[in-house]
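Step one of this worksheet: look at the structure below.
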Amino acid sequence: MRNTVLEATSTYAPGYTLDQVFYQSPEIYTLEIKSIFSKHWQYAGHISEIPNPGDFFTFEFDRESIIIVRTKSGTIKAHANVCRHRGSQVCLEKKGSTQLFTCPYHAWSYDLEGSLVSAHAMPDDFDKNKNGLTPINVALVGGFIFICLAKTPPSLENLRRDLSGVFELFGFEHLKLAHKETYSIDANWKLAVENYQECYHCAPSHKEFAKVHAMARLPEEFQSLKSAYLKQTNGSVKFQEFNCYFDLAPPGQEGYQYGRNPLLPGLISGGINGQGVAPFLGEISDYDGGASEFMVGPTMFFLMYDDHIVGYRFTPSGRRQCKCDVFWFVHEKATKSVDYLLEELTQLWDVTTLADKKIVSDNQKGVDSQFYCPGRLSTMESFEQHFLDWYIMTLKSAALQT
Ligand code: FES
Ligand SMILES: [Fe+2]
């Protein structure tokens, strides 16, 4: 594995896309799971999805399944969904409420804390205390639940220090998940993440998005719209900017990014025509004509309008298959069909993600061709450039440690 990866990373030229091997090699995929998806914080869900003790859901990616549960004391824990007897998945339901997780194979039972509480006909020297479900790290970012499979996860301290005011302002702990949609994409996960990180494709591929977001405009026009928009900041935490993502993150800290960008003049939120779609979030009491971009770790992105938040999570399901889960959040007190209409809330990003699903899978088809070779990136793909630089650096150092 080491040689395959080192040989591949040595071909990388900054400013160009990756070589074909990065989208096809099983060795590289295995190392990505180990060095990226098992080492960074990944978004699992929101606290509002498990309000009561015993409420749980599972989060799956690649071959992993993690149970996220609210315990009797009200804290949130995560356990590997792997029975300590012979390894069956213990919890087969995607979500629900229970007091015990009983393995469907031979009925070992685990409590909400993950401790093994019953296992029949075991030898006298069997110690139940040493056979609990494997604990997984959990952290709350506002009310958003993140998990990390690493023994020593990257620190979230800087992120919390910089952004706790933003969490309060948008009422992260007082949201509810209004809708979730999973888009399966026939492509390597990196093509989907790369696509999310650039708006070079927005004007040609997303006519609905381009009618609402200034970001779809050419760089000069976008910058002048942004300067005009930022005149209203008044020192509010809403308009801060933090660029600590990918290769810009300090060592040991999880990467993050926060910034606010304008919608097109006169528009106020992420409705299909730039209209408001739900009651204001948190402490917000007026539309300012913008939306915040907030990223945590390498594969989770939030877009924060004044009245709703849209979350995007990218996870690999295999070398040539990935999932984009899209989450729509509104204020916890907002009532469906009274305060917001689901179709109005979800329309813009549903149509946009369906278009992305198509362009990304078409991208994979071309990347698979014998005629594919790395192409030059535009000035509108600088965020993607950071991702690729960080990706190569991460993979290279992981290969050197194997
Ligand atoms: S594998 Fe779970 S009880 Fe046997
Ligand atoms: Fe897109």
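Going through the structure tokens in order, the chains are called A, B, and so on, while each chain numbers its residues from 1 and the ligands are numbered from 1 in the order shown.
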| query | Which chains and residue numbers are within 10 Å of ligand 2, counting only C-alpha atoms and all ligand atoms, if I want them as a list in words? | reply |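 Within the 10 Å cut-off, the matching residues are Ala192, Val193, Glu194, Asn195, Tyr196, Gln197, Glu198, Cys199, Tyr200, His201, Cys202, Ala203, Pro204, Ser205, His206, Phe209, Trp349, Val351, Thr352, Thr353, Leu354, Ala355, Asp356, Lys357, Lys358, Ile359 and Val360 of chain A.
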| said: I'd like to know which residues of segment 14-222 of chain A are strand (DSSP E) (by DSSP, run on the backbone); could you write them as a PyMOL selection string? | reply: chain A and resi 42-46+55-61+64-70+76-80+95-97+100-102+109-111+116-118+135-141+144-148+175-185
Contact table chain A vs ligand 1, cut-off 10 Å, shortest pair per residue, only C-alpha atoms and all ligand atoms, as JSON lines:
```
{"residue": "A:Val82", "atom": "CA", "partner": "ligand 1", "partner_atom_place_in_ligand_line": "2 (Fe)", "distance": 7.8}
{"residue": "A:Cys83", "atom": "CA", "partner": "ligand 1", "partner_atom_place_in_ligand_line": "2 (Fe)", "distance": 4.6}
{"residue": "A:Arg84", "atom": "CA", "partner": "ligand 1", "partner_atom_place_in_ligand_line": "2 (Fe)", "distance": 6.6}
{"residue": "A:His85", "atom": "CA", "partner": "ligand 1", "partner_atom_place_in_ligand_line": "1 (S)", "distance": 4.7}
{"residue": "A:Arg86", "atom": "CA", "partner": "ligand 1", "partner_atom_place_in_ligand_line": "1 (S)", "distance": 3.9}
{"residue": "A:Gly87", "atom": "CA", "partner": "ligand 1", "partner_atom_place_in_ligand_line": "1 (S)", "distance": 4.9}
{"residue": "A:Ser88", "atom": "CA", "partner": "ligand 1", "partner_atom_place_in_ligand_line": "1 (S)", "distance": 4.4}
{"residue": "A:Gln89", "atom": "CA", "partner": "ligand 1", "partner_atom_place_in_ligand_line": "2 (Fe)", "distance": 7.2}
{"residue": "A:Val90", "atom": "CA", "partner": "ligand 1", "partner_atom_place_in_ligand_line": "2 (Fe)", "distance": 6.3}
{"residue": "A:Cys91", "atom": "CA", "partner": "ligand 1", "partner_atom_place_in_ligand_line": "2 (Fe)", "distance": 10.0}
{"residue": "A:Thr102", "atom": "CA", "partner": "ligand 1", "partner_atom_place_in_ligand_line": "3 (S)", "distance": 7.8}
{"residue": "A:Cys103", "atom": "CA", "partner": "ligand 1", "partner_atom_place_in_ligand_line": "2 (Fe)", "distance": 4.6}
{"residue": "A:Pro104", "atom": "CA", "partner": "ligand 1", "partner_atom_place_in_ligand_line": "2 (Fe)", "distance": 6.5}
{"residue": "A:Tyr105", "atom": "CA", "partner": "ligand 1", "partner_atom_place_in_ligand_line": "4 (Fe)", "distance": 4.9}
{"residue": "A:His106", "atom": "CA", "partner": "ligand 1", "partner_atom_place_in_ligand_line": "3 (S)", "distance": 3.7}
{"residue": "A:Ala107", "atom": "CA", "partner": "ligand 1", "partner_atom_place_in_ligand_line": "3 (S)", "distance": 4.8}
{"residue": "A:Trp108", "atom": "CA", "partner": "ligand 1", "partner_atom_place_in_ligand_line": "3 (S)", "distance": 4.4}
{"residue": "A:Ser109", "atom": "CA", "partner": "ligand 1", "partner_atom_place_in_ligand_line": "3 (S)", "distance": 7.7}
{"residue": "A:Ser118", "atom": "CA", "partner": "ligand 1", "partner_atom_place_in_ligand_line": "3 (S)", "distance": 9.7}
{"residue": "A:Ala119", "atom": "CA", "partner": "ligand 1", "partner_atom_place_in_ligand_line": "3 (S)", "distance": 7.5}
{"residue": "A:His120", "atom": "CA", "partner": "ligand 1", "partner_atom_place_in_ligand_line": "3 (S)", "distance": 9.4}
```
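Between atom CA of Asn243 of chain A and atom CA of Leu163 of chain A there is a distance of 12.0 Å.
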| Gap from atom CA of Arg63 of chain A to atom CA of Gly132 of chain A - Å, one decimal | 20.4 Å
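One distance worth recording is that between atom CA of Leu175 of chain A and atom CA of Lys336 of chain A, which is 13.3 Å.
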| request: Can you pull out every residue within 8 Å of segment 224-230 of chain A, counting only C-alpha atoms, but drop anything in the same chain fewer than 4 positions away, and send it as a list in words? | output: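 Listing them by chain and then by number gives Ala214, Glu220, Phe239, Asn261, Pro262, Leu264, Gly289 and Gly290 of chain A.
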| task | Would you list the contacts of segment 21-29 of chain A as a PyMOL selection string, taking every protein, DNA or RNA residue within 6 Å and counting only C-alpha atoms, but skipping same-chain residues closer than 3 positions in sequence? | result | chain A and resi 1+32+188
| task | Using DSSP on the backbone coordinates, identify the residues of segment 131-368 of chain A assigned to helix (DSSP H, G or I); present them as a PyMOL selection string. | result | chain A and resi 157-169+172-174+189-196+202-205+207-210+214-216+219-230+237-239+246-248+342-367
| said: Using only C-alpha atoms, can you tell me which of A:Cys324, A:Ala399, A:Leu267, A:Met380 comes closest to Leu191 of chain A? | reply: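 So, comparing all the options, the nearest one is A:Cys324.
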Would you tabulate, counting only C-alpha atoms, all residues of segment 63-115 of chain A that have an atom at most 12 Å from an atom of segment 43-47 of chain A, showing the closest pair of atoms and their distance in Å to one decimal, sorted by chain then ascending number, as a Markdown table?
```
| residue | atom | partner | partner_atom | distance |
| --- | --- | --- | --- | --- |
| A:Ser65 | CA | A:Ala44 | CA | 10.8 |
| A:Ile66 | CA | A:Ala44 | CA | 8.9 |
| A:Ile67 | CA | A:Ala44 | CA | 9.6 |
| A:Ile68 | CA | A:Ala44 | CA | 7.9 |
| A:Val69 | CA | A:Ile47 | CA | 9.8 |
| A:Arg70 | CA | A:Ile47 | CA | 8.8 |
| A:Gly74 | CA | A:Ile47 | CA | 10.6 |
| A:Thr75 | CA | A:Ile47 | CA | 10.0 |
| A:Ile76 | CA | A:Ile47 | CA | 8.3 |
| A:Lys77 | CA | A:Ile47 | CA | 11.3 |
| A:Ala78 | CA | A:Ala44 | CA | 9.7 |
| A:Lys95 | CA | A:Gly45 | CA | 11.4 |
```
Would you mind exporting N, CA and C atoms of the selected residues as an mmCIF file, in the first residue's frame?
```cif
data_model
loop_
_atom_site.group_PDB
_atom_site.id
_atom_site.type_symbol
_atom_site.label_atom_id
_atom_site.label_comp_id
_atom_site.auth_asym_id
_atom_site.auth_seq_id
_atom_site.Cartn_x
_atom_site.Cartn_y
_atom_site.Cartn_z
ATOM 1 N N SER A 65 -21.008 1.238 11.224
ATOM 2 C CA SER A 65 -22.316 1.666 11.722
ATOM 3 C C SER A 65 -22.123 2.058 13.181
ATOM 4 N N ILE A 66 -22.599 3.226 13.538
ATOM 5 C CA ILE A 66 -22.438 3.750 14.900
ATOM 6 C C ILE A 66 -23.829 4.016 15.467
ATOM 7 N N ILE A 67 -24.038 3.585 16.720
ATOM 8 C CA ILE A 67 -25.316 3.885 17.392
ATOM 9 C C ILE A 67 -25.127 5.170 18.191
ATOM 10 N N ILE A 68 -26.021 6.122 17.991
ATOM 11 C CA ILE A 68 -25.996 7.362 18.795
ATOM 12 C C ILE A 68 -27.258 7.342 19.644
ATOM 13 N N VAL A 69 -27.089 7.444 20.963
ATOM 14 C CA VAL A 69 -28.226 7.231 21.862
ATOM 15 C C VAL A 69 -28.233 8.252 22.993
ATOM 16 N N ARG A 70 -29.439 8.619 23.445
ATOM 17 C CA ARG A 70 -29.539 9.444 24.646
ATOM 18 C C ARG A 70 -29.692 8.483 25.834
ATOM 19 N N GLY A 74 -29.485 11.519 30.353
ATOM 20 C CA GLY A 74 -29.731 12.608 29.401
ATOM 21 C C GLY A 74 -28.529 12.946 28.534
ATOM 22 N N THR A 75 -27.370 12.331 28.817
ATOM 23 C CA THR A 75 -26.196 12.612 27.980
ATOM 24 C C THR A 75 -26.308 11.819 26.666
ATOM 25 N N ILE A 76 -25.466 12.212 25.725
ATOM 26 C CA ILE A 76 -25.490 11.508 24.430
ATOM 27 C C ILE A 76 -24.225 10.676 24.304
ATOM 28 N N LYS A 77 -24.423 9.383 23.979
ATOM 29 C CA LYS A 77 -23.267 8.483 23.817
ATOM 30 C C LYS A 77 -23.302 7.869 22.434
ATOM 31 N N ALA A 78 -22.147 7.381 22.002
ATOM 32 C CA ALA A 78 -22.074 6.668 20.724
ATOM 33 C C ALA A 78 -21.342 5.356 20.946
ATOM 34 N N LYS A 95 -33.534 4.060 13.380
ATOM 35 C CA LYS A 95 -33.819 4.932 14.522
ATOM 36 C C LYS A 95 -34.949 4.331 15.332
#
```
| Contacts of Arg320 of chain A at 9 Å or less, counting only C-alpha atoms, minus same-chain residues fewer than 2 places along, as number ranges by chain? | A: 23-24, 185-189, 316-318, 322, 364
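Near Thr335 of chain A, within 12 Å and counting only C-alpha atoms, sit Leu175, Lys176, Leu177, Ala178, Ala278, Pro279, Phe329, Leu341 and Leu342 of chain A, not including residues fewer than 6 positions from it in the same chain.
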Output file for the residues above (all heavy atoms, as a PDB file, in the first residue's frame):
```
ATOM      1  N   LEU A 175     -32.966  23.999  17.393  1.00  0.00           N
ATOM      2  CA  LEU A 175     -33.391  23.697  16.028  1.00  0.00           C
ATOM      3  C   LEU A 175     -34.181  22.404  16.041  1.00  0.00           C
ATOM      4  O   LEU A 175     -34.138  21.643  17.008  1.00  0.00           O
ATOM      5  CB  LEU A 175     -32.166  23.492  15.134  1.00  0.00           C
ATOM      6  CG  LEU A 175     -31.211  24.672  14.949  1.00  0.00           C
ATOM      7  CD1 LEU A 175     -29.961  24.210  14.217  1.00  0.00           C
ATOM      8  CD2 LEU A 175     -31.888  25.813  14.196  1.00  0.00           C
ATOM      9  N   LYS A 176     -34.867  22.138  14.946  1.00  0.00           N
ATOM     10  CA  LYS A 176     -35.387  20.783  14.751  1.00  0.00           C
ATOM     11  C   LYS A 176     -35.172  20.393  13.296  1.00  0.00           C
ATOM     12  O   LYS A 176     -35.173  21.255  12.401  1.00  0.00           O
ATOM     13  CB  LYS A 176     -36.841  20.675  15.173  1.00  0.00           C
ATOM     14  CG  LYS A 176     -37.826  21.264  14.215  1.00  0.00           C
ATOM     15  CD  LYS A 176     -39.243  20.854  14.599  1.00  0.00           C
ATOM     16  CE  LYS A 176     -40.230  21.501  13.640  1.00  0.00           C
ATOM     17  NZ  LYS A 176     -41.608  21.312  14.004  1.00  0.00           N
ATOM     18  N   LEU A 177     -34.955  19.107  13.123  1.00  0.00           N
ATOM     19  CA  LEU A 177     -34.750  18.584  11.780  1.00  0.00           C
ATOM     20  C   LEU A 177     -36.115  18.509  11.101  1.00  0.00           C
ATOM     21  O   LEU A 177     -36.982  17.735  11.501  1.00  0.00           O
ATOM     22  CB  LEU A 177     -34.116  17.187  11.866  1.00  0.00           C
ATOM     23  CG  LEU A 177     -33.846  16.493  10.534  1.00  0.00           C
ATOM     24  CD1 LEU A 177     -32.839  17.265   9.695  1.00  0.00           C
ATOM     25  CD2 LEU A 177     -33.350  15.064  10.767  1.00  0.00           C
ATOM     26  N   ALA A 178     -36.302  19.348  10.081  1.00  0.00           N
ATOM     27  CA  ALA A 178     -37.598  19.349   9.388  1.00  0.00           C
ATOM     28  C   ALA A 178     -37.631  18.279   8.309  1.00  0.00           C
ATOM     29  O   ALA A 178     -38.681  17.689   8.028  1.00  0.00           O
ATOM     30  CB  ALA A 178     -37.847  20.717   8.766  1.00  0.00           C
ATOM     31  N   ALA A 278     -39.363  30.305   6.620  1.00  0.00           N
ATOM     32  CA  ALA A 278     -39.682  29.787   7.961  1.00  0.00           C
ATOM     33  C   ALA A 278     -39.471  30.900   8.987  1.00  0.00           C
ATOM     34  O   ALA A 278     -38.886  31.943   8.659  1.00  0.00           O
ATOM     35  CB  ALA A 278     -38.778  28.592   8.277  1.00  0.00           C
ATOM     36  N   PRO A 279     -39.917  30.706  10.240  1.00  0.00           N
ATOM     37  CA  PRO A 279     -39.673  31.727  11.277  1.00  0.00           C
ATOM     38  C   PRO A 279     -38.168  31.899  11.537  1.00  0.00           C
ATOM     39  O   PRO A 279     -37.390  30.967  11.341  1.00  0.00           O
ATOM     40  CB  PRO A 279     -40.365  31.146  12.525  1.00  0.00           C
ATOM     41  CG  PRO A 279     -41.340  30.147  12.003  1.00  0.00           C
ATOM     42  CD  PRO A 279     -40.740  29.583  10.750  1.00  0.00           C
ATOM     43  N   PHE A 329     -33.006  22.276   8.665  1.00  0.00           N
ATOM     44  CA  PHE A 329     -33.345  22.599  10.061  1.00  0.00           C
ATOM     45  C   PHE A 329     -34.142  23.891  10.127  1.00  0.00           C
ATOM     46  O   PHE A 329     -33.824  24.856   9.417  1.00  0.00           O
ATOM     47  CB  PHE A 329     -32.080  22.784  10.901  1.00  0.00           C
ATOM     48  CG  PHE A 329     -31.223  21.554  10.974  1.00  0.00           C
ATOM     49  CD1 PHE A 329     -30.156  21.395  10.098  1.00  0.00           C
ATOM     50  CD2 PHE A 329     -31.488  20.551  11.891  1.00  0.00           C
ATOM     51  CE1 PHE A 329     -29.363  20.250  10.148  1.00  0.00           C
ATOM     52  CE2 PHE A 329     -30.697  19.410  11.959  1.00  0.00           C
ATOM     53  CZ  PHE A 329     -29.634  19.260  11.075  1.00  0.00           C
ATOM     54  N   LEU A 341     -43.760  25.555   4.883  1.00  0.00           N
ATOM     55  CA  LEU A 341     -44.221  24.491   3.985  1.00  0.00           C
ATOM     56  C   LEU A 341     -42.995  23.696   3.569  1.00  0.00           C
ATOM     57  O   LEU A 341     -42.006  24.279   3.097  1.00  0.00           O
ATOM     58  CB  LEU A 341     -44.891  25.088   2.746  1.00  0.00           C
ATOM     59  CG  LEU A 341     -46.128  25.959   3.011  1.00  0.00           C
ATOM     60  CD1 LEU A 341     -46.621  26.606   1.723  1.00  0.00           C
ATOM     61  CD2 LEU A 341     -47.243  25.112   3.643  1.00  0.00           C
ATOM     62  N   LEU A 342     -43.067  22.390   3.756  1.00  0.00           N
ATOM     63  CA  LEU A 342     -41.893  21.555   3.488  1.00  0.00           C
ATOM     64  C   LEU A 342     -41.371  21.742   2.056  1.00  0.00           C
ATOM     65  O   LEU A 342     -40.171  21.829   1.820  1.00  0.00           O
ATOM     66  CB  LEU A 342     -42.238  20.088   3.757  1.00  0.00           C
ATOM     67  CG  LEU A 342     -41.048  19.177   4.009  1.00  0.00           C
ATOM     68  CD1 LEU A 342     -40.150  19.719   5.101  1.00  0.00           C
ATOM     69  CD2 LEU A 342     -41.534  17.784   4.364  1.00  0.00           C
TER      70      LEU A 342
END
```
| query | Within 12 Å of Thr152 of chain A, counting only C-alpha atoms, which residues qualify if same-chain residues fewer than 5 places away don't, as a list in words? | reply | Ser38, Lys39, His40, Trp41, Ile136, Asn137, Val138, Ile147, Gly252, Gln253 and Glu254 of chain A
Those same residues, written as a short mmCIF file (atom, residue, chain, number, x, y, z; two decimals), in the first residue's frame with N, CA and C atoms?
```cif
data_model
loop_
_atom_site.label_atom_id
_atom_site.label_comp_id
_atom_site.auth_asym_id
_atom_site.auth_seq_id
_atom_site.Cartn_x
_atom_site.Cartn_y
_atom_site.Cartn_z
N SER A 38 -11.76 8.00 9.61
CA SER A 38 -11.64 7.48 10.98
C SER A 38 -10.86 8.43 11.88
N LYS A 39 -10.35 9.50 11.33
CA LYS A 39 -9.51 10.40 12.14
C LYS A 39 -10.17 11.75 12.41
N HIS A 40 -11.17 12.10 11.62
CA HIS A 40 -11.80 13.42 11.77
C HIS A 40 -13.20 13.30 12.36
N TRP A 41 -13.69 14.43 12.87
CA TRP A 41 -15.07 14.47 13.37
C TRP A 41 -16.03 14.40 12.20
N ILE A 136 -17.46 5.20 21.24
CA ILE A 136 -16.99 6.09 20.17
C ILE A 136 -17.06 7.53 20.70
N ASN A 137 -16.06 8.35 20.36
CA ASN A 137 -16.06 9.75 20.83
C ASN A 137 -17.26 10.52 20.29
N VAL A 138 -17.86 11.31 21.18
CA VAL A 138 -18.98 12.17 20.78
C VAL A 138 -18.67 13.60 21.20
N ILE A 147 -19.25 12.68 15.77
CA ILE A 147 -18.55 11.51 16.32
C ILE A 147 -17.18 11.41 15.67
N GLY A 252 -3.33 19.55 15.18
CA GLY A 252 -4.09 19.03 16.32
C GLY A 252 -5.50 19.56 16.43
N GLN A 253 -5.83 20.61 15.66
CA GLN A 253 -7.18 21.18 15.71
C GLN A 253 -8.00 20.67 14.53
N GLU A 254 -9.29 20.45 14.76
CA GLU A 254 -10.16 20.11 13.64
C GLU A 254 -10.31 21.33 12.74
#
```
